file run_39.tsv (TSV, C-alpha atoms)
chain	number	residue	atom	x	y	z
D	1	MET	CA	113.63	216.56	402.24
D	2	ILE	CA	112.81	214.99	398.85
D	3	ILE	CA	115.69	214.94	396.35
D	4	LEU	CA	115.50	214.10	392.63
D	5	GLY	CA	118.75	212.97	391.03
D	6	ILE	CA	119.07	213.04	387.23
D	7	ASP	CA	121.63	211.38	384.95
D	8	PRO	CA	120.79	212.85	381.54
D	9	GLY	CA	121.61	211.32	378.19
D	10	THR	CA	120.13	211.47	374.70
D	11	LEU	CA	119.72	207.68	374.59
D	12	VAL	CA	118.90	206.90	378.22
D	13	THR	CA	118.16	209.33	381.04
D	14	GLY	CA	118.17	207.90	384.56
D	15	TYR	CA	116.30	209.44	387.46
D	16	GLY	CA	115.90	208.59	391.13
D	17	VAL	CA	113.97	210.19	393.96
D	18	ILE	CA	114.93	209.76	397.62
D	19	GLU	CA	113.66	211.19	400.87
D	20	THR	CA	115.93	212.07	403.78
D	21	SER	CA	114.61	212.32	407.26
D	22	GLY	CA	116.30	215.14	409.16
D	23	LYS	CA	116.25	213.39	412.52
D	24	SER	CA	117.31	209.83	411.73
D	25	GLY	CA	119.46	210.55	408.68
D	26	VAL	CA	117.96	207.47	407.03
D	27	LEU	CA	117.50	207.56	403.25
D	28	GLN	CA	114.23	206.32	401.83
D	29	LEU	CA	113.79	205.37	398.20
D	30	VAL	CA	110.76	207.06	396.66
D	31	GLU	CA	111.10	205.89	393.04
D	32	TYR	CA	113.65	205.33	390.30
D	33	GLY	CA	113.50	204.68	386.61
D	34	THR	CA	114.87	205.36	383.15
D	35	ILE	CA	113.64	207.30	380.16
D	36	GLU	CA	114.58	205.31	377.08
D	37	SER	CA	114.82	207.35	373.92
D	38	LYS	CA	117.04	205.13	371.76
D	39	ARG	CA	114.23	204.16	369.44
D	40	ILE	CA	113.06	207.72	368.84
D	41	ALA	CA	114.32	208.86	365.45
D	42	THR	CA	115.12	212.55	365.89
D	43	LEU	CA	117.05	214.43	368.56
D	44	ALA	CA	114.23	216.99	368.82
D	45	ASP	CA	111.67	214.26	369.56
D	46	ARG	CA	114.00	212.70	372.14
D	47	LEU	CA	114.36	216.03	373.90
D	48	ARG	CA	110.60	216.42	374.08
D	49	VAL	CA	110.22	212.93	375.61
D	50	ILE	CA	112.99	213.58	378.18
D	51	PHE	CA	111.42	216.92	379.11
D	52	GLU	CA	107.89	215.57	379.39
D	53	ARG	CA	108.85	212.48	381.41
D	54	LEU	CA	111.07	214.46	383.81
D	55	SER	CA	108.37	217.11	384.21
D	56	ALA	CA	105.94	214.32	385.16
D	57	VAL	CA	108.39	212.98	387.80
D	58	LEU	CA	108.82	216.52	389.19
D	59	GLU	CA	105.06	216.98	389.28
D	60	ARG	CA	104.46	213.62	390.96
D	61	THR	CA	107.18	213.78	393.62
D	62	SER	CA	107.51	217.56	394.25
D	63	PRO	CA	111.22	217.44	395.13
D	64	ASP	CA	112.70	220.12	397.40
D	65	ALA	CA	115.99	219.76	395.53
D	66	VAL	CA	117.27	218.48	392.19
D	67	ALA	CA	120.82	217.21	391.69
D	68	ILE	CA	122.49	216.46	388.38
D	69	GLU	CA	125.89	215.08	387.46
D	70	SER	CA	128.03	217.93	386.15
D	71	ALA	CA	128.81	217.14	382.56
D	72	PHE	CA	131.90	215.21	381.87
D	73	TYR	CA	133.42	215.62	378.49
D	74	HIS	CA	133.41	212.75	376.09
D	75	LYS	CA	136.33	212.37	373.77
D	76	ASN	CA	133.84	212.57	370.97
D	77	VAL	CA	132.83	216.20	370.58
D	78	GLN	CA	129.55	215.24	368.91
D	79	SER	CA	128.56	213.09	371.91
D	80	THR	CA	129.45	215.99	374.21
D	81	LEU	CA	127.24	218.31	372.20
D	82	LYS	CA	124.32	215.87	372.26
D	83	LEU	CA	124.74	215.34	376.00
D	84	GLY	CA	124.53	219.12	376.34
D	85	HIS	CA	121.11	219.07	374.64
D	86	ALA	CA	119.77	216.46	377.10
D	87	ARG	CA	121.27	218.24	380.13
D	88	GLY	CA	119.82	221.57	379.00
D	89	VAL	CA	116.35	220.09	378.78
D	90	ALA	CA	116.71	218.35	382.18
D	91	MET	CA	117.89	221.58	383.84
D	92	LEU	CA	115.04	223.48	382.22
D	93	ALA	CA	112.42	221.00	383.50
D	94	SER	CA	113.78	221.57	387.01
D	95	MET	CA	113.91	225.38	386.63
D	96	LEU	CA	110.32	225.51	385.38
D	97	LYS	CA	109.28	223.95	388.72
D	98	ASP	CA	111.36	226.62	390.49
D	99	VAL	CA	113.99	224.18	391.73
D	100	PRO	CA	117.46	225.29	390.57
D	101	PRO	CA	119.50	222.09	390.00
D	102	ALA	CA	122.67	221.48	392.04
D	103	GLU	CA	125.59	220.00	390.09
D	104	TYR	CA	128.14	217.45	391.29
D	105	ALA	CA	131.25	216.20	389.48
D	106	PRO	CA	131.62	212.41	388.98
D	107	ARG	CA	134.57	212.26	391.42
D	108	GLU	CA	132.59	214.16	394.03
D	109	ILE	CA	129.71	211.68	393.69
D	110	LYS	CA	131.99	208.64	394.05
D	111	ARG	CA	133.69	210.20	397.06
D	112	ALA	CA	130.38	210.97	398.75
D	113	VAL	CA	128.80	207.59	398.06
D	114	VAL	CA	131.76	205.18	398.29
D	115	GLY	CA	134.42	207.29	400.03
D	116	ASN	CA	136.77	207.11	397.05
D	117	GLY	CA	136.76	209.46	394.06
D	118	ASN	CA	138.10	206.65	391.86
D	119	ALA	CA	135.49	204.06	392.87
D	120	SER	CA	134.27	201.67	390.18
D	121	LYS	CA	130.75	201.64	388.77
D	122	ASP	CA	130.12	198.37	390.65
D	123	GLN	CA	131.15	199.91	393.97
D	124	VAL	CA	128.82	202.87	393.42
D	125	GLU	CA	125.99	200.49	392.50
D	126	PHE	CA	126.63	198.34	395.57
D	127	MET	CA	126.52	201.34	397.91
D	128	VAL	CA	123.43	202.83	396.25
D	129	ARG	CA	121.59	199.50	396.61
D	130	SER	CA	122.74	199.06	400.25
D	131	LEU	CA	121.88	202.60	401.33
D	132	LEU	CA	118.43	202.48	399.80
D	133	GLY	CA	117.67	198.90	400.84
D	134	LEU	CA	117.20	197.64	397.30
D	135	LYS	CA	116.57	193.91	397.22
D	136	PRO	CA	117.84	191.43	394.58
D	137	ALA	CA	114.29	191.21	393.27
D	138	ASP	CA	114.02	194.96	392.69
D	139	LYS	CA	114.33	196.08	389.09
D	140	LYS	CA	117.94	196.52	387.96
D	141	LEU	CA	118.46	199.84	386.18
D	142	PRO	CA	122.16	200.80	386.07
D	143	ASP	CA	121.33	204.17	384.50
D	144	ALA	CA	119.05	204.97	387.41
D	145	TYR	CA	121.71	204.05	390.02
D	146	ASP	CA	123.87	206.93	388.78
D	147	ALA	CA	120.91	209.26	389.25
D	148	LEU	CA	120.30	207.88	392.76
D	149	ALA	CA	124.02	208.34	393.53
D	150	VAL	CA	123.87	212.04	392.68
D	151	ALA	CA	120.73	212.40	394.84
D	152	ILE	CA	122.56	210.65	397.73
D	153	THR	CA	125.51	213.03	397.20
D	154	HIS	CA	123.20	215.98	397.57
D	155	ALA	CA	121.72	214.45	400.75
D	156	ALA	CA	125.26	214.02	402.12
D	157	ARG	CA	126.08	217.62	401.27
D	158	CYS	CA	123.05	218.90	403.11
D	159	SER	CA	123.90	216.64	406.03
D	160	ASN	CA	127.51	217.93	405.96
D	161	ALA	CA	126.15	221.44	406.14
D	162	ARG	CA	124.36	220.36	409.29
D	163	ARG	CA	127.52	218.64	410.56
D	164	SER	CA	129.06	222.02	411.23
D	165	THR	CA	126.37	222.34	413.89
D	166	GLY	CA	127.57	219.04	415.40
D	167	ARG	CA	124.78	216.72	414.31
D	168	THR	CA	126.81	214.11	412.47
D	169	SER	CA	130.47	213.20	412.14
D	170	ALA	CA	130.59	210.78	409.21
D	171	LYS	CA	132.54	212.08	406.20
D	172	ASN	CA	130.73	209.98	403.64
D	173	TRP	CA	128.00	207.38	403.45
D	174	LYS	CA	130.46	204.50	403.67
D	175	GLN	CA	131.71	205.69	407.07
D	176	PHE	CA	128.13	206.33	408.10
D	177	VAL	CA	127.09	202.77	407.18
D	178	GLU	CA	130.03	201.31	409.08
D	179	ALA	CA	129.31	203.42	412.14
D	180	ASN	CA	125.54	202.93	412.07
D	181	PRO	CA	124.70	199.47	410.73
D	182	GLY	CA	121.30	199.55	412.44
D	183	ARG	CA	120.23	202.61	410.51
D	184	ILE	CA	120.52	200.96	407.12
D	185	LYS	CA	117.36	199.55	405.61
D	186	LYS	CA	117.56	195.79	405.18
C	187	MET	CA	104.60	230.70	355.16
C	188	ILE	CA	106.02	232.13	358.38
C	189	ILE	CA	109.53	230.91	359.29
C	190	LEU	CA	111.35	231.43	362.59
C	191	GLY	CA	115.15	231.19	362.43
C	192	ILE	CA	117.10	230.67	365.64
C	193	ASP	CA	120.83	231.09	366.32
C	194	PRO	CA	121.16	229.72	369.87
C	195	GLY	CA	123.91	230.55	372.33
C	196	THR	CA	124.23	230.62	376.11
C	197	LEU	CA	125.30	234.29	376.06
C	198	VAL	CA	123.26	235.63	373.14
C	199	THR	CA	120.51	233.89	371.22
C	200	GLY	CA	119.42	235.53	367.97
C	201	TYR	CA	116.03	235.03	366.38
C	202	GLY	CA	114.33	236.27	363.26
C	203	VAL	CA	110.90	235.74	361.76
C	204	ILE	CA	110.18	236.13	358.04
C	205	GLU	CA	107.16	235.55	355.88
C	206	THR	CA	107.35	234.20	352.34
C	207	SER	CA	104.63	234.75	349.85
C	208	GLY	CA	104.13	231.75	347.62
C	209	LYS	CA	103.20	233.70	344.49
C	210	SER	CA	105.70	236.56	344.42
C	211	GLY	CA	108.54	234.82	346.24
C	212	VAL	CA	109.19	238.06	348.12
C	213	LEU	CA	110.50	237.77	351.67
C	214	GLN	CA	108.90	239.96	354.32
C	215	LEU	CA	110.55	240.67	357.64
C	216	VAL	CA	108.17	240.03	360.55
C	217	GLU	CA	110.51	240.67	363.50
C	218	TYR	CA	114.04	240.05	364.70
C	219	GLY	CA	115.83	240.38	367.98
C	220	THR	CA	118.27	238.94	370.48
C	221	ILE	CA	117.93	237.31	373.87
C	222	GLU	CA	120.83	238.55	375.98
C	223	SER	CA	121.73	236.28	378.87
C	224	LYS	CA	125.32	237.38	379.54
C	225	ARG	CA	124.47	239.06	382.81
C	226	ILE	CA	122.49	236.12	384.19
C	227	ALA	CA	124.66	234.30	386.72
C	228	THR	CA	123.79	230.63	386.29
C	229	LEU	CA	123.47	228.43	383.22
C	230	ALA	CA	120.14	227.08	384.51
C	231	ASP	CA	118.69	230.60	384.77
C	232	ARG	CA	119.97	231.45	381.28
C	233	LEU	CA	118.28	228.37	379.86
C	234	ARG	CA	114.99	229.38	381.45
C	235	VAL	CA	115.23	232.88	379.95
C	236	ILE	CA	116.08	231.53	376.48
C	237	PHE	CA	113.19	229.06	376.67
C	238	GLU	CA	110.65	231.59	377.91
C	239	ARG	CA	111.62	234.29	375.41
C	240	LEU	CA	111.64	231.87	372.44
C	241	SER	CA	108.31	230.41	373.57
C	242	ALA	CA	106.89	233.96	373.59
C	243	VAL	CA	108.17	234.57	370.02
C	244	LEU	CA	106.63	231.25	368.90
C	245	GLU	CA	103.35	232.17	370.59
C	246	ARG	CA	103.30	235.66	369.07
C	247	THR	CA	104.24	234.79	365.48
C	248	SER	CA	102.89	231.19	365.11
C	249	PRO	CA	105.55	230.08	362.63
C	250	ASP	CA	104.76	227.27	360.18
C	251	ALA	CA	108.44	226.25	360.29
C	252	VAL	CA	111.44	226.70	362.56
C	253	ALA	CA	115.03	226.56	361.27
C	254	ILE	CA	118.15	226.38	363.37
C	255	GLU	CA	121.83	226.36	362.50
C	256	SER	CA	123.17	222.85	362.94
C	257	ALA	CA	125.73	222.95	365.70
C	258	PHE	CA	129.26	223.62	364.73
C	259	TYR	CA	131.89	222.39	367.09
C	260	HIS	CA	134.00	224.86	368.98
C	261	LYS	CA	137.60	223.94	369.65
C	262	ASN	CA	136.75	224.40	373.31
C	263	VAL	CA	134.78	221.34	374.41
C	264	GLN	CA	133.21	223.25	377.31
C	265	SER	CA	131.81	225.87	374.90
C	266	THR	CA	130.47	223.07	372.72
C	267	LEU	CA	128.74	221.52	375.71
C	268	LYS	CA	127.19	224.83	376.76
C	269	LEU	CA	126.04	225.50	373.20
C	270	GLY	CA	124.36	222.09	373.36
C	271	HIS	CA	122.35	223.21	376.40
C	272	ALA	CA	121.08	226.33	374.61
C	273	ARG	CA	120.30	224.41	371.40
C	274	GLY	CA	118.45	221.73	373.37
C	275	VAL	CA	116.23	224.32	375.00
C	276	ALA	CA	115.60	226.11	371.67
C	277	MET	CA	114.67	222.84	369.95
C	278	LEU	CA	112.39	221.93	372.85
C	279	ALA	CA	110.56	225.30	372.71
C	280	SER	CA	109.87	224.59	369.02
C	281	MET	CA	108.79	220.97	369.64
C	282	LEU	CA	106.39	222.01	372.39
C	283	LYS	CA	104.58	224.13	369.78
C	284	ASP	CA	104.51	221.07	367.50
C	285	VAL	CA	106.96	222.53	364.97
C	286	PRO	CA	109.92	220.16	364.52
C	287	PRO	CA	112.97	222.34	363.80
C	288	ALA	CA	114.84	221.97	360.50
C	289	GLU	CA	118.64	222.13	360.75
C	290	TYR	CA	121.10	223.71	358.32
C	291	ALA	CA	124.89	223.60	358.38
C	292	PRO	CA	126.76	226.94	358.31
C	293	ARG	CA	128.13	226.25	354.79
C	294	GLU	CA	124.65	225.42	353.56
C	295	ILE	CA	123.33	228.72	354.94
C	296	LYS	CA	126.11	230.77	353.32
C	297	ARG	CA	125.58	228.98	350.03
C	298	ALA	CA	121.83	229.60	350.09
C	299	VAL	CA	122.07	233.27	351.12
C	300	VAL	CA	125.24	234.46	349.35
C	301	GLY	CA	125.86	231.71	346.79
C	302	ASN	CA	129.20	230.77	348.34
C	303	GLY	CA	129.72	228.32	351.21
C	304	ASN	CA	132.80	230.24	352.33
C	305	ALA	CA	131.14	233.67	352.38
C	306	SER	CA	132.22	236.10	355.09
C	307	LYS	CA	129.99	237.23	357.95
C	308	ASP	CA	129.80	240.68	356.28
C	309	GLN	CA	128.59	239.19	353.01
C	310	VAL	CA	125.88	237.22	354.82
C	311	GLU	CA	124.83	240.35	356.71
C	312	PHE	CA	124.73	242.41	353.51
C	313	MET	CA	122.51	239.85	351.75
C	314	VAL	CA	120.20	239.44	354.75
C	315	ARG	CA	119.73	243.21	354.98
C	316	SER	CA	119.17	243.53	351.20
C	317	LEU	CA	116.73	240.65	350.93
C	318	LEU	CA	114.64	241.85	353.85
C	319	GLY	CA	114.82	245.54	352.96
C	320	LEU	CA	116.51	246.56	356.23
C	321	LYS	CA	117.37	250.26	356.23
C	322	PRO	CA	120.49	251.84	357.75
C	323	ALA	CA	118.26	253.22	360.52
C	324	ASP	CA	116.95	249.76	361.50
C	325	LYS	CA	118.43	248.28	364.65
C	326	LYS	CA	121.74	246.50	364.07
C	327	LEU	CA	121.78	243.06	365.65
C	328	PRO	CA	124.51	240.85	364.14
C	329	ASP	CA	123.35	237.86	366.23
C	330	ALA	CA	119.88	238.18	364.77
C	331	TYR	CA	121.20	238.34	361.15
C	332	ASP	CA	122.49	234.78	361.53
C	333	ALA	CA	119.03	233.71	362.67
C	334	LEU	CA	117.44	235.52	359.72
C	335	ALA	CA	119.98	233.85	357.40
C	336	VAL	CA	118.91	230.39	358.52
C	337	ALA	CA	115.23	231.36	358.10
C	338	ILE	CA	116.03	232.60	354.54
C	339	THR	CA	117.84	229.29	353.86
C	340	HIS	CA	114.72	227.40	354.85
C	341	ALA	CA	112.62	229.64	352.58
C	342	ALA	CA	115.04	228.92	349.71
C	343	ARG	CA	114.82	225.19	350.39
C	344	CYS	CA	111.04	225.25	350.29
C	345	SER	CA	111.20	227.33	347.12
C	346	ASN	CA	113.73	224.85	345.62
C	347	ALA	CA	111.30	222.06	346.40
C	348	ARG	CA	108.76	223.99	344.35
C	349	ARG	CA	111.38	224.62	341.67
C	350	SER	CA	111.13	221.01	340.62
C	351	THR	CA	107.62	221.93	339.52
C	352	GLY	CA	109.14	224.70	337.34
C	353	ARG	CA	108.16	227.77	339.30
C	354	THR	CA	111.59	229.34	339.76
C	355	SER	CA	115.04	228.82	338.35
C	356	ALA	CA	117.33	230.77	340.71
C	357	LYS	CA	119.85	228.57	342.54
C	358	ASN	CA	120.26	230.88	345.51
C	359	TRP	CA	119.04	234.24	346.72
C	360	LYS	CA	121.98	236.09	345.17
C	361	GLN	CA	121.04	234.87	341.68
C	362	PHE	CA	117.44	235.64	342.46
C	363	VAL	CA	118.26	239.26	343.45
C	364	GLU	CA	120.33	239.76	340.32
C	365	ALA	CA	117.62	238.32	338.12
C	366	ASN	CA	114.75	240.09	339.83
C	367	PRO	CA	115.91	243.48	341.11
C	368	GLY	CA	112.33	244.78	341.18
C	369	ARG	CA	111.21	242.11	343.61
C	370	ILE	CA	113.56	243.24	346.38
C	371	LYS	CA	112.14	245.54	349.01
C	372	LYS	CA	113.88	248.93	349.00

call {"tool": "encode", "arguments": {"input": "run_39.tsv", "output": "structure tokens"}}
result
Amino acid sequence: MIILGIDPGTLVTGYGVIETSGKSGVLQLVEYGTIESKRIATLADRLRVIFERLSAVLERTSPDAVAIESAFYHKNVQSTLKLGHARGVAMLASMLKDVPPAEYAPREIKRAVVGNGNASKDQVEFMVRSLLGLKPADKKLPDAYDALAVAITHAARCSNARRSTGRTSAKNWKQFVEANPGRIKK
Amino acid sequence: MIILGIDPGTLVTGYGVIETSGKSGVLQLVEYGTIESKRIATLADRLRVIFERLSAVLERTSPDAVAIESAFYHKNVQSTLKLGHARGVAMLASMLKDVPPAEYAPREIKRAVVGNGNASKDQVEFMVRSLLGLKPADKKLPDAYDALAVAITHAARCSNARRSTGRTSAKNWKQFVEANPGRIKK
């Protein structure tokens, strides 16, 4: 199963594509990147760039599923509103490829990836890099790690759905890594 | 000049298309309507419907300009966020037809249409109906009147830009109606 994770924002949108293999449970990194729109003057132009770049990723990788962080509310209402614009455009890009996006709350993502809903950004980044076998030399894109984390959360959810049929017993990726060190890409 | 006004919302999106004639300054109604998405279960599906219906209006009427009410902030941050999603999709539909949307604040719209930034919804509706020659028998769509009001505001702005070349002296449509009763469609 190919999963696209998206972390939308009007200034930077992160995305990450992973592939899960049903039998081995191993996660494979397909690609990750960021869409930078800071230097684009108007919100409308930024939205077009986000939409067009995400549509290209969807076209290129043909994901079976799309996962997106459920919006968290900024204190600043104007930032919240702008985030809504970027999320709307990201969700639309996914819908127009007939893949309804799944949404996960930040706590849910941290719990699935690190095993702790209050995990720090560094802990999430560490687990994302470990699970996907990212090497120190690989490009460092913090905004894309959040997108990869939501894709990993969706993979865990789908695996949990299978768990009820007795195929796995790990509650989150951290437990899985500890129990199966040989199945992690080095 | 053909102007499309949009009043986006996740439950109801209003739209209205008007045509202004450069010489006479008379506004002609092209079409108006609403996109109802209340009964659609998910936000992602609503966004697709809003996008597809607005894209169809843009395709059908080929506006030279698109005008949209600049977001006003709800007290409820979740409503603000959802409004952002709908606005983002509306702005994108416009951008994908290469028409960057103009934005007008609610006060600005009321001032342009009624002559008073604190005008009531009824006053705006009355002026919209008068200016566009809507008859009592015409369909009543309050959500579309707001969209028509923002289109009229854009027409007034473009006319004000011409005013500096001495072609008109009315400050807003109300003054214009009073000064030129014969130029209003009955």

call {"tool": "closest_residue", "arguments": {"input": "run_39.tsv", "among": "C:Ile192, C:Val198, C:Ser207, C:Ala330", "to": "Ser241 (chain C)", "atoms": "all atoms listed in the file"}}
result
C:Ile192

call {"tool": "closest_atom_pairs", "arguments": {"input": "run_39.tsv", "of": "chain C", "to": "chain D", "cutoff": "12 Å", "atoms": "all atoms listed in the file", "output": "CSV"}}
result
residue,atom,partner,partner_atom,distance
C:Pro194,CA,D:His85,CA,11.7
C:Gly195,CA,D:Gly88,CA,11.9
C:Thr196,CA,D:Gly88,CA,10.5
C:Thr228,CA,D:Pro100,CA,9.3
C:Leu229,CA,D:Gly88,CA,8.8
C:Ala230,CA,D:Met91,CA,6.0
C:Asp231,CA,D:Met95,CA,7.3
C:Arg232,CA,D:Leu92,CA,9.4
C:Leu233,CA,D:Leu92,CA,6.3
C:Arg234,CA,D:Leu92,CA,6.0
C:Val235,CA,D:Leu92,CA,9.7
C:Ile236,CA,D:Leu92,CA,9.9
C:Phe237,CA,D:Leu92,CA,8.1
C:Glu238,CA,D:Leu96,CA,9.6
C:Val252,CA,D:Ala44,CA,11.9
C:Ile254,CA,D:Ala44,CA,11.5
C:Ser256,CA,D:Leu81,CA,11.1
C:Ala257,CA,D:Leu81,CA,8.1
C:Phe258,CA,D:Gln78,CA,9.4
C:Tyr259,CA,D:Val77,CA,7.2
C:His260,CA,D:Val77,CA,8.9
C:Lys261,CA,D:Val77,CA,9.1
C:Asn262,CA,D:Val77,CA,9.5
C:Val263,CA,D:Val77,CA,6.7
C:Gln264,CA,D:Tyr73,CA,7.7
C:Ser265,CA,D:Leu81,CA,9.2
C:Thr266,CA,D:Leu81,CA,5.8
C:Leu267,CA,D:Gly84,CA,4.9
C:Lys268,CA,D:Gly84,CA,6.3
C:Leu269,CA,D:Gly84,CA,7.3
C:Gly270,CA,D:Gly84,CA,4.2
C:His271,CA,D:Gly88,CA,4.0
C:Ala272,CA,D:Gly88,CA,6.6
C:Arg273,CA,D:His85,CA,6.3
C:Gly274,CA,D:His85,CA,4.0
C:Val275,CA,D:Val89,CA,5.7
C:Ala276,CA,D:Val89,CA,9.3
C:Met277,CA,D:Ala44,CA,6.0
C:Leu278,CA,D:Arg48,CA,5.9
C:Ala279,CA,D:Arg48,CA,9.0
C:Ser280,CA,D:Ala44,CA,8.8
C:Met281,CA,D:Arg48,CA,6.6
C:Leu282,CA,D:Arg48,CA,7.2
C:Lys283,CA,D:Arg48,CA,10.7
C:Asp284,CA,D:Asp45,CA,10.1
C:Val285,CA,D:Ala44,CA,9.9
C:Pro286,CA,D:Ala44,CA,6.9
C:Pro287,CA,D:Ala44,CA,7.4
C:Ala288,CA,D:Ala44,CA,9.7
C:Glu289,CA,D:Ala44,CA,10.5

call {"tool": "write_last_selection", "arguments": {"input": "run_39.tsv", "atoms": "C-alpha atoms", "output": "compact mmCIF listing (two decimals), in the frame of the given file"}}
result
# COMPACT_ATOMS: atom_id res chain seq x y z
CA PRO C 194 121.16 229.72 369.87
CA GLY C 195 123.91 230.55 372.33
CA THR C 196 124.23 230.62 376.11
CA THR C 228 123.79 230.63 386.29
CA LEU C 229 123.47 228.43 383.22
CA ALA C 230 120.14 227.08 384.51
CA ASP C 231 118.69 230.60 384.77
CA ARG C 232 119.97 231.45 381.28
CA LEU C 233 118.28 228.37 379.86
CA ARG C 234 114.99 229.38 381.45
CA VAL C 235 115.23 232.88 379.95
CA ILE C 236 116.08 231.53 376.48
CA PHE C 237 113.19 229.06 376.67
CA GLU C 238 110.65 231.59 377.91
CA VAL C 252 111.44 226.70 362.56
CA ILE C 254 118.15 226.38 363.37
CA SER C 256 123.17 222.85 362.94
CA ALA C 257 125.73 222.95 365.70
CA PHE C 258 129.26 223.62 364.73
CA TYR C 259 131.89 222.39 367.09
CA HIS C 260 134.00 224.86 368.98
CA LYS C 261 137.60 223.94 369.65
CA ASN C 262 136.75 224.40 373.31
CA VAL C 263 134.78 221.34 374.41
CA GLN C 264 133.21 223.25 377.31
CA SER C 265 131.81 225.87 374.90
CA THR C 266 130.47 223.07 372.72
CA LEU C 267 128.74 221.52 375.71
CA LYS C 268 127.19 224.83 376.76
CA LEU C 269 126.04 225.50 373.20
CA GLY C 270 124.36 222.09 373.36
CA HIS C 271 122.35 223.21 376.40
CA ALA C 272 121.08 226.33 374.61
CA ARG C 273 120.30 224.41 371.40
CA GLY C 274 118.45 221.73 373.37
CA VAL C 275 116.23 224.32 375.00
CA ALA C 276 115.60 226.11 371.67
CA MET C 277 114.67 222.84 369.95
CA LEU C 278 112.39 221.93 372.85
CA ALA C 279 110.56 225.30 372.71
CA SER C 280 109.87 224.59 369.02
CA MET C 281 108.79 220.97 369.64
CA LEU C 282 106.39 222.01 372.39
CA LYS C 283 104.58 224.13 369.78
CA ASP C 284 104.51 221.07 367.50
CA VAL C 285 106.96 222.53 364.97
CA PRO C 286 109.92 220.16 364.52
CA PRO C 287 112.97 222.34 363.80
CA ALA C 288 114.84 221.97 360.50
CA GLU C 289 118.64 222.13 360.75

call {"tool": "residues_around", "arguments": {"input": "run_39.tsv", "residues": "Lys307 (chain C)", "least_positions_apart": "3", "cutoff": "10 Å", "atoms": "all atoms listed in the file", "output": "PyMOL selection string"}}
result
chain C and resi 296+304+310-312+328+331-332

call {"tool": "write_last_selection", "arguments": {"input": "run_39.tsv", "atoms": "C-alpha atoms", "output": "compact mmCIF listing (two decimals), keeping the file's coordinate frame"}}
result
# COMPACT_ATOMS: atom_id res chain seq x y z
CA LYS C 296 126.11 230.77 353.32
CA ASN C 304 132.80 230.24 352.33
CA VAL C 310 125.88 237.22 354.82
CA GLU C 311 124.83 240.35 356.71
CA PHE C 312 124.73 242.41 353.51
CA PRO C 328 124.51 240.85 364.14
CA TYR C 331 121.20 238.34 361.15
CA ASP C 332 122.49 234.78 361.53

call {"tool": "residues_around", "arguments": {"input": "run_39.tsv", "residues": "region 212-221 of chain C", "least_positions_apart": "3", "cutoff": "9 Å", "atoms": "all atoms listed in the file", "output": "PyMOL selection string"}}
result
chain C and resi 188+197-209+235-236+239-240+247+317-320+325+327+329-331+333-334+338+341+369-371

call {"tool": "residues_around", "arguments": {"input": "run_39.tsv", "residues": "Thr339 (chain C)", "least_positions_apart": "4", "cutoff": "8 Å", "atoms": "all atoms listed in the file", "output": "list in words"}}
result
Tyr290, Glu294, Ile295, Ala298, Val299, Ala335 and Arg343 of chain C

call {"tool": "atom_distance", "arguments": {"input": "run_39.tsv", "atom1": "CA of His154 (chain D)", "atom2": "CA of Ala67 (chain D)"}}
result
6.5 Å

call {"tool": "atom_distance", "arguments": {"input": "run_39.tsv", "atom1": "CA of Arg297 (chain C)", "atom2": "CA of Gly211 (chain C)"}}
result
18.4 Å

call {"tool": "atom_distance", "arguments": {"input": "run_39.tsv", "atom1": "CA of Ala137 (chain D)", "atom2": "CA of Ala56 (chain D)"}}
result
25.9 Å

call {"tool": "build_atoms", "arguments": {"input": "run_39.tsv", "residues": "region 285-293 of chain C", "atoms": "N, CA and C atoms", "output": "PDB file, keeping the file's coordinate frame"}}
result
ATOM      1  N   VAL C 285     106.242 222.188 366.207  1.00  0.00           N
ATOM      2  CA  VAL C 285     106.960 222.530 364.970  1.00  0.00           C
ATOM      3  C   VAL C 285     108.364 221.920 365.070  1.00  0.00           C
ATOM      4  N   PRO C 286     108.575 220.753 364.461  1.00  0.00           N
ATOM      5  CA  PRO C 286     109.920 220.160 364.520  1.00  0.00           C
ATOM      6  C   PRO C 286     110.923 221.046 363.788  1.00  0.00           C
ATOM      7  N   PRO C 287     112.018 221.431 364.443  1.00  0.00           N
ATOM      8  CA  PRO C 287     112.970 222.340 363.800  1.00  0.00           C
ATOM      9  C   PRO C 287     113.770 221.673 362.681  1.00  0.00           C
ATOM     10  N   ALA C 288     113.960 222.425 361.585  1.00  0.00           N
ATOM     11  CA  ALA C 288     114.840 221.970 360.500  1.00  0.00           C
ATOM     12  C   ALA C 288     116.244 222.479 360.825  1.00  0.00           C
ATOM     13  N   GLU C 289     117.271 221.709 360.448  1.00  0.00           N
ATOM     14  CA  GLU C 289     118.640 222.130 360.750  1.00  0.00           C
ATOM     15  C   GLU C 289     119.435 222.351 359.462  1.00  0.00           C
ATOM     16  N   TYR C 290     120.249 223.420 359.468  1.00  0.00           N
ATOM     17  CA  TYR C 290     121.100 223.710 358.320  1.00  0.00           C
ATOM     18  C   TYR C 290     122.526 223.981 358.771  1.00  0.00           C
ATOM     19  N   ALA C 291     123.472 223.394 358.064  1.00  0.00           N
ATOM     20  CA  ALA C 291     124.890 223.600 358.380  1.00  0.00           C
ATOM     21  C   ALA C 291     125.311 225.000 357.951  1.00  0.00           C
ATOM     22  N   PRO C 292     126.311 225.584 358.645  1.00  0.00           N
ATOM     23  CA  PRO C 292     126.760 226.940 358.310  1.00  0.00           C
ATOM     24  C   PRO C 292     127.090 227.127 356.818  1.00  0.00           C
ATOM     25  N   ARG C 293     127.764 226.152 356.214  1.00  0.00           N
ATOM     26  CA  ARG C 293     128.130 226.250 354.790  1.00  0.00           C
ATOM     27  C   ARG C 293     126.889 226.307 353.901  1.00  0.00           C
TER      28      ARG C 293
END
